[in-house]
>>> print(open('my_file-v5.txt').read())   # compact mmCIF, C-alpha atoms
# COMPACT_ATOMS: atom_id res chain seq x y z
CA MET A 240 122.51 194.07 116.46
CA LEU A 241 123.16 192.84 112.93
CA LYS A 242 124.85 189.69 114.17
CA GLN A 243 122.00 188.85 116.56
CA THR A 244 119.48 189.40 113.76
CA LEU A 245 121.41 187.10 111.44
CA LEU A 246 121.55 184.33 114.04
CA LEU A 247 117.79 184.60 114.64
CA LEU A 248 117.19 184.43 110.90
CA VAL A 249 119.37 181.32 110.69
CA ALA A 250 117.42 179.60 113.46
CA LEU A 251 114.09 180.26 111.71
CA ILE A 252 115.40 179.06 108.33
CA SER A 253 116.90 175.94 109.91
CA LEU A 254 113.63 174.95 111.57
CA ASN A 255 111.78 175.41 108.28
CA ALA A 256 114.42 173.43 106.39
CA ILE A 257 113.74 170.26 108.38
CA ALA A 258 110.35 169.80 106.72
CA GLN A 259 111.15 170.97 103.18
CA GLU A 260 110.64 168.88 100.07
CA GLY A 261 114.01 169.20 98.37
CA THR A 262 113.50 167.38 95.07
CA ALA A 263 110.98 166.44 92.41
CA SER A 264 113.14 163.78 90.77
CA PRO A 265 111.65 160.35 90.01
CA TYR A 266 115.09 158.90 90.79
CA SER A 267 114.63 159.86 94.46
CA PHE A 268 112.43 156.71 94.59
CA TYR A 269 115.58 154.60 94.67
CA GLY A 270 117.91 153.89 97.57
CA ILE A 271 117.65 156.54 100.31
CA GLY A 272 116.55 159.30 97.96
CA GLU A 273 118.50 161.91 96.03
CA LEU A 274 121.87 162.57 97.69
CA LYS A 275 122.29 166.29 98.29
CA PHE A 276 125.59 168.05 97.69
CA ARG A 277 127.03 169.15 101.04
CA GLY A 278 129.38 171.88 99.83
CA THR A 279 128.89 175.63 99.56
CA VAL A 280 127.89 177.65 96.50
CA GLU A 281 131.60 178.39 96.05
CA ASN A 282 132.22 174.63 95.70
CA LYS A 283 129.19 174.12 93.45
CA SER A 284 130.30 176.89 91.09
CA MET A 285 133.55 174.97 90.54
CA GLY A 286 131.68 171.79 89.62
CA GLY A 287 131.65 170.58 93.22
CA LEU A 288 135.41 170.81 93.72
CA SER A 289 136.38 170.10 97.35
CA VAL A 290 140.19 170.31 97.32
CA TYR A 291 140.45 174.12 97.48
CA SER A 292 140.33 175.95 100.81
CA ASP A 293 141.52 179.31 102.15
CA SER A 294 141.62 181.18 105.45
CA ILE A 295 138.39 183.20 105.15
CA HIS A 296 135.76 180.82 103.70
CA LEU A 297 134.24 177.61 105.05
CA ASN A 298 134.85 174.38 103.16
CA LEU A 299 132.04 172.11 104.40
CA LEU A 300 133.41 169.14 102.44
CA ASN A 301 136.74 168.79 104.28
CA PRO A 302 136.92 169.54 108.04
CA ALA A 303 140.74 169.72 107.92
CA SER A 304 140.42 173.11 106.17
CA LEU A 305 139.24 174.60 109.49
CA GLY A 306 142.83 174.44 110.76
CA LYS A 307 143.71 177.37 108.49
CA LEU A 308 140.61 179.49 109.22
CA LYS A 309 141.52 183.05 110.32
CA LEU A 310 138.14 184.82 110.45
CA THR A 311 134.86 184.03 112.13
CA THR A 312 132.60 182.98 109.27
CA PHE A 313 128.86 182.65 108.91
CA THR A 314 127.47 181.25 105.67
CA ILE A 315 124.02 180.32 104.44
CA GLY A 316 122.92 179.07 101.02
CA GLY A 317 119.89 178.06 98.99
CA ASN A 318 118.97 176.62 95.61
CA HIS A 319 116.30 177.15 92.95
CA LYS A 320 116.04 174.24 90.53
CA SER A 321 114.04 174.04 87.31
CA SER A 322 113.83 170.61 85.67
CA LYS A 323 112.31 169.16 82.53
CA LEU A 324 111.37 165.49 82.95
CA GLN A 325 111.15 163.69 79.65
CA THR A 326 110.25 160.20 78.42
CA ASN A 327 109.88 159.00 74.83
CA THR A 328 106.24 160.11 74.84
CA ASN A 329 105.72 162.74 77.53
CA SER A 330 107.42 165.64 79.29
CA ALA A 331 106.77 167.80 82.33
CA LYS A 332 108.40 170.76 84.07
CA VAL A 333 108.95 170.91 87.82
CA VAL A 334 110.44 173.58 90.07
CA THR A 335 111.81 173.37 93.62
CA THR A 336 113.34 175.99 95.91
CA THR A 337 115.28 174.75 98.92
CA PHE A 338 117.51 175.69 101.82
CA ASP A 339 120.94 174.10 101.24
CA TYR A 340 123.09 174.79 104.27
CA MET A 341 123.84 176.97 107.25
CA ALA A 342 127.18 176.98 109.09
CA VAL A 343 129.33 179.02 111.44
CA GLY A 344 133.13 178.75 111.60
CA LEU A 345 135.25 179.82 114.58
CA PRO A 346 139.08 180.26 114.37
CA MET A 347 141.10 179.42 117.52
CA GLY A 348 144.72 179.71 116.48
CA LYS A 349 145.84 176.41 115.00
CA LEU A 350 142.43 174.97 115.82
CA GLY A 351 139.25 175.82 113.97
CA MET A 352 135.69 174.67 114.64
CA SER A 353 132.36 174.88 112.87
CA PHE A 354 128.77 173.77 113.31
CA GLY A 355 125.68 173.87 111.18
CA LEU A 356 122.88 172.12 109.35
CA VAL A 357 122.79 170.59 105.84
CA PRO A 358 120.30 168.32 104.02
CA TYR A 359 121.72 164.85 103.26
CA THR A 360 119.03 163.20 101.12
CA SER A 361 115.71 164.30 99.63
CA VAL A 362 112.73 162.24 98.53
CA GLY A 363 110.12 163.78 96.24
CA TYR A 364 108.89 161.36 93.56
CA LYS A 365 105.53 160.64 91.95
CA THR A 366 105.39 157.84 89.42
CA GLY A 367 102.90 155.37 87.97
CA PHE A 368 99.43 155.87 86.51
CA SER A 369 98.13 159.44 86.31
CA ASP A 370 94.42 158.75 85.79
CA HIS A 371 92.64 156.04 87.78
CA LEU A 372 89.86 155.93 85.17
CA THR A 373 92.24 154.56 82.52
CA ALA A 374 94.28 152.38 84.91
CA THR A 375 93.72 148.61 84.93
CA ALA A 376 94.02 145.96 87.64
CA GLY A 377 97.60 145.68 88.86
CA ASP A 378 98.60 149.23 87.90
CA GLY A 379 100.24 151.24 90.67
CA ARG A 380 100.97 154.83 91.65
CA TYR A 381 103.87 155.60 93.98
CA GLU A 382 104.58 158.83 95.83
CA GLY A 383 107.26 159.77 98.33
CA THR A 384 108.34 162.81 100.35
CA GLY A 385 110.82 163.64 103.07
CA GLY A 386 114.53 163.12 103.52
CA ILE A 387 117.45 163.07 105.94
CA ASN A 388 119.20 166.12 107.43
CA LYS A 389 122.61 166.45 109.05
CA ALA A 390 123.37 168.58 112.09
CA PHE A 391 127.15 168.67 112.40
CA ILE A 392 130.03 169.88 114.51
CA ALA A 393 133.52 169.86 113.02
CA ALA A 394 137.08 170.62 114.04
CA GLY A 395 140.35 171.01 112.15
CA TYR A 396 143.89 171.37 113.46
CA SER A 397 146.93 172.76 111.65
CA ILE A 398 149.81 170.35 112.38
CA ASN A 399 152.31 172.62 110.64
CA ASN A 400 152.45 175.08 107.74
CA HIS A 401 151.62 172.29 105.28
CA LEU A 402 149.46 169.61 106.92
CA SER A 403 146.04 169.90 108.59
CA LEU A 404 143.78 167.16 109.94
CA GLY A 405 140.08 167.33 110.76
CA ILE A 406 136.95 165.48 111.79
CA ASP A 407 133.26 166.24 111.75
CA ILE A 408 130.54 164.41 113.64
CA ASN A 409 127.05 164.36 112.13
CA TYR A 410 123.71 163.64 113.72
CA ASN A 411 121.42 162.39 110.95
CA PHE A 412 117.67 162.70 111.37
CA GLY A 413 114.56 162.82 109.23
CA LYS A 414 111.38 161.16 108.06
CA ILE A 415 110.55 159.48 104.76
CA HIS A 416 106.93 158.98 103.68
CA ASN A 417 106.16 156.43 100.95
CA GLU A 418 102.71 155.78 99.54
CA ALA A 419 101.48 153.18 97.03
CA ILE A 420 98.04 152.85 95.43
CA ILE A 421 97.26 149.62 93.59
CA ILE A 422 94.28 149.29 91.26
CA THR A 423 92.25 146.08 91.78
CA ASP A 424 89.33 144.46 89.96
CA LEU A 425 87.27 144.60 93.18
CA GLN A 426 84.86 147.25 94.44
CA TYR A 427 87.65 149.15 96.21
CA ASP A 428 91.32 149.67 95.40
CA THR A 429 94.12 149.44 97.98
CA GLN A 430 96.53 151.95 99.48
CA GLU A 431 99.66 151.30 101.53
CA ILE A 432 101.38 154.08 103.49
CA ASN A 433 104.82 153.57 105.03
CA GLU A 434 106.64 156.06 107.23
CA SER A 435 110.18 155.74 108.53
CA LYS A 436 111.75 158.00 111.14
CA LEU A 437 115.53 157.74 110.87
CA SER A 438 118.28 158.85 113.21
CA GLY A 439 121.92 158.08 113.97
CA LEU A 440 125.49 159.37 114.12
CA ALA A 441 128.11 159.45 111.36
CA VAL A 442 131.67 160.72 111.14
CA ASN A 443 133.86 162.21 108.41
CA PHE A 444 137.67 162.41 108.53
CA GLY A 445 139.72 164.87 106.49
CA ALA A 446 143.27 165.90 105.64
CA THR A 447 144.75 168.73 103.58
CA TYR A 448 148.33 169.34 102.45
CA LYS A 449 149.60 172.60 100.95
CA LYS A 450 153.08 173.38 99.71
CA ARG A 451 154.64 176.23 97.75
CA ILE A 452 156.34 174.89 94.63
CA ASN A 453 157.99 178.23 93.91
CA GLU A 454 157.40 181.91 94.60
CA LYS A 455 154.20 181.96 92.56
CA LEU A 456 152.67 178.46 92.57
CA GLU A 457 151.10 176.48 95.40
CA LEU A 458 150.12 172.79 95.38
CA MET A 459 147.00 171.70 97.28
CA THR A 460 145.87 168.14 98.00
CA GLY A 461 142.97 166.84 100.06
CA LEU A 462 141.40 163.61 101.26
CA THR A 463 138.18 162.83 103.12
CA TYR A 464 136.71 159.51 104.23
CA SER A 465 133.34 158.71 105.79
CA PRO A 466 132.88 155.08 106.87
CA GLY A 467 129.51 153.44 106.29
CA VAL A 468 127.18 153.63 109.30
CA SER A 469 123.72 152.33 110.19
CA LEU A 470 120.78 154.55 111.03
CA SER A 471 117.96 153.45 113.31
CA SER A 472 114.62 153.39 111.51
CA ASN A 473 111.30 153.40 113.38
CA ASN A 474 108.64 152.27 110.93
CA THR A 475 104.85 152.35 110.65
CA ARG A 476 102.56 150.94 107.97
CA GLU A 477 98.88 151.47 107.18
CA ILE A 478 96.83 149.54 104.63
CA SER A 479 93.49 150.92 103.45
CA THR A 480 90.75 150.19 101.00
CA ILE A 481 90.05 153.32 98.97
CA ALA A 482 87.63 154.83 96.51
CA PHE A 483 88.35 157.73 94.19
CA ASN A 484 86.11 160.81 94.27
CA SER A 485 85.12 162.86 91.21
CA ASN A 486 88.40 164.82 91.42
CA GLY A 487 90.53 161.68 91.34
CA ILE A 488 91.50 161.93 95.02
CA ALA A 489 91.81 158.67 96.93
CA ILE A 490 89.42 158.51 99.91
CA PRO A 491 90.15 155.81 102.55
CA ARG A 492 87.24 153.53 103.44
CA ASP A 493 88.68 151.07 105.96
CA THR A 494 92.16 151.50 107.42
CA LYS A 495 94.23 149.01 109.37
CA GLU A 496 97.63 149.59 110.94
CA THR A 497 100.00 146.70 110.35
CA ASN A 498 101.64 145.25 113.48
CA LEU A 499 105.23 145.55 112.26
CA LYS A 500 106.57 144.42 115.65
CA THR A 501 105.33 140.87 115.08
CA LEU A 502 107.03 140.92 111.66
CA GLY A 503 110.32 142.18 113.10
CA LEU A 504 110.04 145.37 111.03
CA GLU A 505 109.06 148.01 113.61
CA ASN A 506 112.66 148.94 114.38
CA THR A 507 115.20 148.27 111.64
CA LYS A 508 118.62 149.44 110.52
CA PHE A 509 119.41 151.28 107.31
CA LYS A 510 123.01 151.64 106.21
CA LEU A 511 124.42 154.88 104.88
CA PRO A 512 127.18 154.33 102.30
CA SER A 513 130.88 154.98 102.86
CA LYS A 514 132.45 157.85 100.94
CA LEU A 515 136.04 158.51 99.84
CA THR A 516 137.22 161.67 98.06
CA ILE A 517 140.74 162.54 96.93
CA GLY A 518 141.78 165.68 95.10
CA ALA A 519 144.69 167.81 93.97
CA GLY A 520 145.15 171.22 92.41
CA LEU A 521 147.60 173.96 91.53
CA GLY A 522 147.29 177.70 91.73
CA LYS A 523 148.67 181.14 92.43
CA PRO A 524 147.38 182.37 95.83
CA LYS A 525 144.72 185.10 95.57
CA LYS A 526 144.88 184.90 91.76
CA TRP A 527 143.81 181.56 90.28
CA PHE A 528 143.37 177.88 91.02
CA ALA A 529 142.56 174.71 89.05
CA GLY A 530 141.96 171.27 90.54
CA ILE A 531 140.34 167.86 90.19
CA ASP A 532 138.52 165.51 92.60
CA TYR A 533 137.56 161.85 92.49
CA THR A 534 134.81 160.49 94.75
CA ASN A 535 133.75 156.88 95.36
CA LEU A 536 130.48 156.21 97.19
CA GLY A 537 129.79 152.74 98.59
CA THR A 538 126.20 152.47 97.36
CA GLY A 539 126.61 148.88 96.12
CA LYS A 540 124.83 147.49 99.21
CA LEU A 541 121.83 149.81 99.02
CA GLY A 542 118.26 148.71 98.60
CA ASN A 543 114.95 150.55 98.63
CA LEU A 544 113.83 151.64 102.06
CA THR A 545 110.24 150.44 101.50
CA PHE A 546 109.44 149.03 98.07
CA ASN A 547 111.40 146.25 96.40
CA ASN A 548 112.02 146.47 92.67
CA THR A 549 113.63 143.59 90.83
CA SER A 550 114.45 145.75 87.79
CA VAL A 551 116.89 147.88 89.85
CA THR A 552 120.43 147.02 90.92
CA TYR A 553 122.98 149.06 92.85
CA LYS A 554 126.73 149.39 92.55
CA ASN A 555 129.32 151.79 93.95
CA ALA A 556 128.84 155.31 92.64
CA ASN A 557 131.72 157.48 91.47
CA LYS A 558 132.20 161.08 90.43
CA ILE A 559 134.94 163.13 88.76
CA THR A 560 134.98 166.90 89.25
CA ALA A 561 137.24 169.52 87.71
CA GLY A 562 137.11 173.26 88.28
CA GLY A 563 138.71 176.41 89.53
CA PHE A 564 138.56 180.19 89.85
CA TYR A 565 140.21 183.41 88.66
CA ILE A 566 140.53 186.83 90.37
CA PRO A 567 141.82 189.66 88.14
CA LYS A 568 143.20 191.74 91.06
CA HIS A 569 142.00 190.91 94.60
CA ASN A 570 143.24 194.15 96.20
CA SER A 571 142.23 196.61 93.49
CA LEU A 572 141.16 200.01 94.88
CA THR A 573 139.76 201.37 91.63
CA SER A 574 137.95 198.46 89.94
CA TYR A 575 135.17 196.46 91.61
CA LEU A 576 135.06 194.04 88.67
CA SER A 577 138.72 193.20 89.27
CA ARG A 578 137.92 191.99 92.81
CA ILE A 579 135.16 189.62 91.70
CA VAL A 580 135.94 185.89 91.90
CA TYR A 581 135.04 184.11 88.64
CA ARG A 582 134.43 180.36 88.99
CA THR A 583 133.68 177.46 86.65
CA GLY A 584 133.66 173.67 86.72
CA VAL A 585 132.33 170.42 85.32
CA ARG A 586 131.34 167.06 86.82
CA PHE A 587 130.64 163.55 85.54
CA GLU A 588 128.83 161.14 87.85
CA ASN A 589 127.70 157.53 87.79
CA THR A 590 124.95 157.46 90.44
CA GLY A 591 125.35 153.72 91.11
CA ILE A 592 121.75 153.00 90.07
CA THR A 593 121.03 150.64 87.17
CA ILE A 594 117.40 150.38 86.01
CA GLN A 595 116.41 147.84 83.36
CA ASN A 596 120.13 147.45 82.53
CA GLU A 597 120.52 151.20 81.98
CA ASP A 598 123.09 153.05 84.11
CA ILE A 599 121.75 156.32 85.51
CA ASN A 600 124.50 158.89 84.90
CA GLU A 601 124.63 162.60 85.63
CA PHE A 602 126.50 165.51 84.06
CA GLY A 603 126.76 169.15 85.07
CA ILE A 604 128.62 172.26 83.97
CA SER A 605 128.70 175.28 86.27
CA PHE A 606 129.64 178.94 86.43
CA GLY A 607 129.59 181.46 89.25
CA VAL A 608 130.83 184.69 90.75
CA GLY A 609 131.81 185.83 94.22
CA LEU A 610 130.79 189.46 94.72
CA PRO A 611 132.66 191.39 97.45
CA VAL A 612 130.46 193.16 100.00
CA GLY A 613 131.73 196.23 101.88
CA ARG A 614 135.34 196.78 102.84
CA LYS A 615 135.75 193.47 104.68
CA PHE A 616 136.00 189.91 103.31
CA SER A 617 132.24 189.22 103.16
CA ASN A 618 130.69 188.27 99.83
CA VAL A 619 127.59 187.21 97.96
CA ASN A 620 128.06 184.10 95.83
CA ILE A 621 125.90 183.33 92.80
CA GLY A 622 126.21 180.09 90.87
CA PHE A 623 124.55 178.56 87.82
CA GLU A 624 124.58 174.94 86.74
CA TYR A 625 123.13 173.20 83.71
CA GLY A 626 123.07 169.43 83.53
CA SER A 627 121.21 166.21 82.87
CA ARG A 628 120.50 162.91 84.59
CA GLY A 629 119.17 159.60 83.30
CA THR A 630 118.06 158.45 79.87
CA THR A 631 114.90 157.94 77.83
CA ASN A 632 115.98 154.41 76.84
CA ASN A 633 113.59 151.61 77.94
CA ASN A 634 110.93 154.24 78.70
CA LEU A 635 112.98 155.72 81.54
CA VAL A 636 113.07 159.41 82.47
CA LYS A 637 115.70 161.94 81.47
CA GLU A 638 116.05 165.08 83.55
CA ASN A 639 117.46 168.29 82.10
CA PHE A 640 117.95 170.73 84.94
CA PHE A 641 119.06 174.28 85.63
CA ASN A 642 120.23 175.26 89.11
CA LEU A 643 120.46 178.78 90.49
CA ASN A 644 122.51 178.80 93.70
CA LEU A 645 122.82 181.75 96.07
CA SER A 646 124.76 182.19 99.30
CA LEU A 647 125.83 184.87 101.76
CA SER A 648 129.19 184.62 103.49
CA PHE A 649 129.95 187.01 106.34
CA ASN A 650 133.59 187.00 107.42
CA ASP A 651 134.94 189.14 110.26
CA LYS A 652 136.69 189.11 113.63
CA TRP A 653 133.47 188.83 115.62
CA PHE A 654 135.16 187.93 118.91
CA GLN A 655 138.10 190.33 118.74
CA LYS A 656 138.88 191.93 122.10
CA ARG A 657 138.83 195.73 122.02
CA LYS A 658 141.36 197.65 124.04
CA ILE A 659 140.59 201.01 125.65
CA ASP A 660 143.46 203.32 126.57
>>> encode(input="my_file-v5.txt", output="structure tokens")
Amino acid sequence: MLKQTLLLLVALISLNAIAQEGTASPYSFYGIGELKFRGTVENKSMGGLSVYSDSIHLNLLNPASLGKLKLTTFTIGGNHKSSKLQTNTNSAKVVTTTFDYMAVGLPMGKLGMSFGLVPYTSVGYKTGFSDHLTATAGDGRYEGTGGINKAFIAAGYSINNHLSLGIDINYNFGKIHNEAIIITDLQYDTQEINESKLSGLAVNFGATYKKRINEKLELMTGLTYSPGVSLSSNNTREISTIAFNSNGIAIPRDTKETNLKTLGLENTKFKLPSKLTIGAGLGKPKKWFAGIDYTNLGTGKLGNLTFNNTSVTYKNANKITAGGFYIPKHNSLTSYLSRIVYRTGVRFENTGITIQNEDINEFGISFGVGLPVGRKFSNVNIGFEYGSRGTTNNNLVKENFFNLNLSLSFNDKWFQKRKID
């Protein structure tokens, strides 16, 4: 009964997750929005490290890890983010709470499979004038919501005791809503609303290699590559004249839908960037691990989905992550604290966005624990991350953020055949 209840809960959460607003960052205005981290809370608590994998937890970042999976695994995670947005003259606090992922992993001998749902990008910006009464002709206000989700199915195969290969296939889908209000010197101001419904397939290849160096130490390496793909985008556009009421809300007067078909813009293509990650690490099984990842994201060919901005340029993004974990004594019978997994990590990221000649960089430092649940291998994972993004130079926005990440991981032999004598 518990398993059926969990699956029903997952279905309800997944349906709700499709429509969630997953960010409040002004930098989600650029490109395809804020790229969401695909990994689990376990990964996040190690700075986002992807190279580590074991036989009882899902590694959503590298499908090759499924080849070593020994237990049926169900995992679900969410995030609570508190951010302070700051310019040279103003500051504001914003809070978001989001669903992060849901996945099920199934071991089948040397073959392992998984399926699930994860957000890929989030859009949630509001920038420009705040009071129409003080705005002048030519001033604009821009708002955006939405994002792209990934429904995936993955498989990994253990070639031998050392090497595993994997692939996951993603169906990307979502809607992005962009709105612009421009103040004029006429009787009415103007409003433009653009909506894009995006969909398409993508693929991610992975490989892992593990080898014992001696009786105590094990070397782990990993590689993943996702080629760039194009999503289909079905677009609509409305242009209205507006007047503001006494509460500052824009009220449409006359609305006209633009015939995008005649402009060749009704159905367009939007390219998702390629992604390459390589990593390596060293550890003592069931005791400790330390590793490092490097990721390159092909965002150099990105542009804005709707609004062009000549002050923004794009280049390939890159990220360096280092982290690991420590378990005092995984099989302790007398001390619960000794069975807790203690994790930490750090990441440095160049987002690939340059605004007014200022690179938008991101930094994060994380900590977390894995708390055993019951007598099996299930656990509750709690992670914390503090970091910053952007700069206040040239009147840009700096974000200081604090993330609280929470996940449940249920690991058991769900499909074990029972014998009756």
>>> residues_around(input="my_file-v5.txt", residues="Thr497 in chain A", least_positions_apart="6", cutoff="8 Å", atoms="all atoms listed in the file", output="PDB file with C-alpha atoms, keeping the file's coordinate frame")
ATOM      1  CA  THR A 475     104.850 152.350 110.650  1.00  0.00           C
ATOM      2  CA  ARG A 476     102.560 150.940 107.970  1.00  0.00           C
ATOM      3  CA  GLU A 477      98.880 151.470 107.180  1.00  0.00           C
ATOM      4  CA  ILE A 478      96.830 149.540 104.630  1.00  0.00           C
TER       5      ILE A 478
END
>>> residues_around(input="my_file-v5.txt", residues="His296 in chain A", least_positions_apart="3", cutoff="10 Å", atoms="all atoms listed in the file", output="list in words")
Thr279, Glu281, Ser292, Asp293, Leu299, Ser304, Leu305, Lys307, Leu308, Lys309, Leu310, Thr311, Thr312, Phe313, Thr314, Gly344, Phe616, Ser617, Asn618, Ser648, Phe649 and Asn650 of chain A
>>> atom_distance(input="my_file-v5.txt", atom1="CA of Lys450 in chain A", atom2="CA of Asn301 in chain A")
17.6 Å
>>> closest_residue(input="my_file-v5.txt", among="A:Gly379, A:Gly537, A:Pro346, A:Gly287", to="Gly591 in chain A", atoms="all atoms listed in the file")
A:Gly537
>>> residues_near_point(input="my_file-v5.txt", point="(122.4, 162.5, 83.9)", cutoff="9 Å", atoms="all atoms listed in the file", output="PyMOL selection string")
chain A and resi 587-590+599-603+626-630+637-639
>>> residues_around(input="my_file-v5.txt", residues="Pro524 in chain A", least_positions_apart="6", cutoff="9 Å", atoms="all atoms listed in the file", output="list in words")
Lys455, Leu456 and Glu457 of chain A
>>> closest_residue(input="my_file-v5.txt", among="A:Thr366, A:Ser574, A:Asn409, A:Ser403", to="Ala263 in chain A", atoms="all atoms listed in the file")
A:Thr366
>>> atom_distance(input="my_file-v5.txt", atom1="CA of Val580 in chain A", atom2="CA of Lys526 in chain A")
9.0 Å
>>> axis_aligned_box(input="my_file-v5.txt", around="range 335-341 of chain A", padding_each_side="4 Å", output="JSON")
{"center_x": 117.8, "center_y": 175.2, "center_z": 100.4, "size_x": 20.0, "size_y": 11.6, "size_z": 21.6}
>>> atom_distance(input="my_file-v5.txt", atom1="CA of Ile490 in chain A", atom2="CA of Tyr266 in chain A")
27.2 Å
>>> residues_around(input="my_file-v5.txt", residues="Arg582 in chain A", least_positions_apart="6", cutoff="7 Å", atoms="only C-alpha atoms", output="list of chain:residue names")
A:Ser284, A:Met285, A:Gly563, A:Phe564, A:Tyr565, A:Phe606, A:Gly607, A:Val608
>>> residues_around(input="my_file-v5.txt", residues="Leu425 in chain A", least_positions_apart="3", cutoff="9 Å", atoms="all atoms listed in the file", output="ChimeraX atom specification")
/A:376,422,428
>>> closest_residue(input="my_file-v5.txt", among="A:Thr262, A:Leu372, A:Tyr410, A:Thr560", to="His319 in chain A", atoms="all atoms listed in the file")
A:Thr262
>>> closest_residue(input="my_file-v5.txt", among="A:Ser361, A:Thr463, A:Gln325, A:Ser369", to="His416 in chain A", atoms="all atoms listed in the file")
A:Ser361
>>> closest_residue(input="my_file-v5.txt", among="A:Asn298, A:Phe276, A:Gly383, A:Tyr291", to="Phe528 in chain A", atoms="only C-alpha atoms")
A:Tyr291
>>> decode(input="my_file-v5.txt", residues="range 395-438 of chain A", atoms="C-alpha atoms", output="compact mmCIF listing (two decimals), in the first residue's frame")
# COMPACT_ATOMS: atom_id res chain seq x y z
CA GLY A 395 22.94 1.91 -18.41
CA TYR A 396 24.83 -1.32 -19.06
CA SER A 397 27.79 -2.73 -17.15
CA ILE A 398 30.31 -3.90 -19.78
CA ASN A 399 32.56 -5.42 -17.12
CA ASN A 400 33.59 -4.80 -13.50
CA HIS A 401 35.15 -1.47 -14.48
CA LEU A 402 33.33 0.09 -17.45
CA SER A 403 29.67 1.06 -17.85
CA LEU A 404 27.95 2.88 -20.72
CA GLY A 405 24.59 4.62 -20.75
CA ILE A 406 22.13 6.78 -22.64
CA ASP A 407 19.08 8.80 -21.70
CA ILE A 408 16.44 10.15 -24.06
CA ASN A 409 14.62 13.33 -23.04
CA TYR A 410 11.35 14.77 -24.25
CA ASN A 411 11.51 18.52 -23.66
CA PHE A 412 8.29 20.48 -23.36
CA GLY A 413 7.06 23.73 -21.88
CA LYS A 414 5.74 27.23 -22.42
CA ILE A 415 7.45 30.59 -22.02
CA HIS A 416 5.42 33.78 -21.60
CA ASN A 417 7.10 37.15 -22.23
CA GLU A 418 5.43 40.51 -21.78
CA ALA A 419 6.66 44.04 -22.54
CA ILE A 420 4.99 47.37 -21.71
CA ILE A 421 6.37 50.48 -23.39
CA ILE A 422 5.48 53.98 -22.21
CA THR A 423 4.56 56.39 -25.04
CA ASP A 424 3.80 60.11 -25.23
CA LEU A 425 0.35 59.33 -26.68
CA GLN A 426 -2.99 58.85 -24.95
CA TYR A 427 -2.39 55.11 -24.50
CA ASP A 428 0.74 53.07 -23.89
CA THR A 429 1.52 49.78 -25.66
CA GLN A 430 1.80 46.18 -24.52
CA GLU A 431 3.26 43.21 -26.39
CA ILE A 432 2.67 39.63 -25.22
CA ASN A 433 4.60 36.73 -26.73
CA GLU A 434 4.04 33.05 -25.94
CA SER A 435 6.13 30.15 -27.16
CA LYS A 436 5.22 26.49 -26.76
CA LEU A 437 8.36 24.40 -27.11
CA SER A 438 8.84 20.68 -27.62
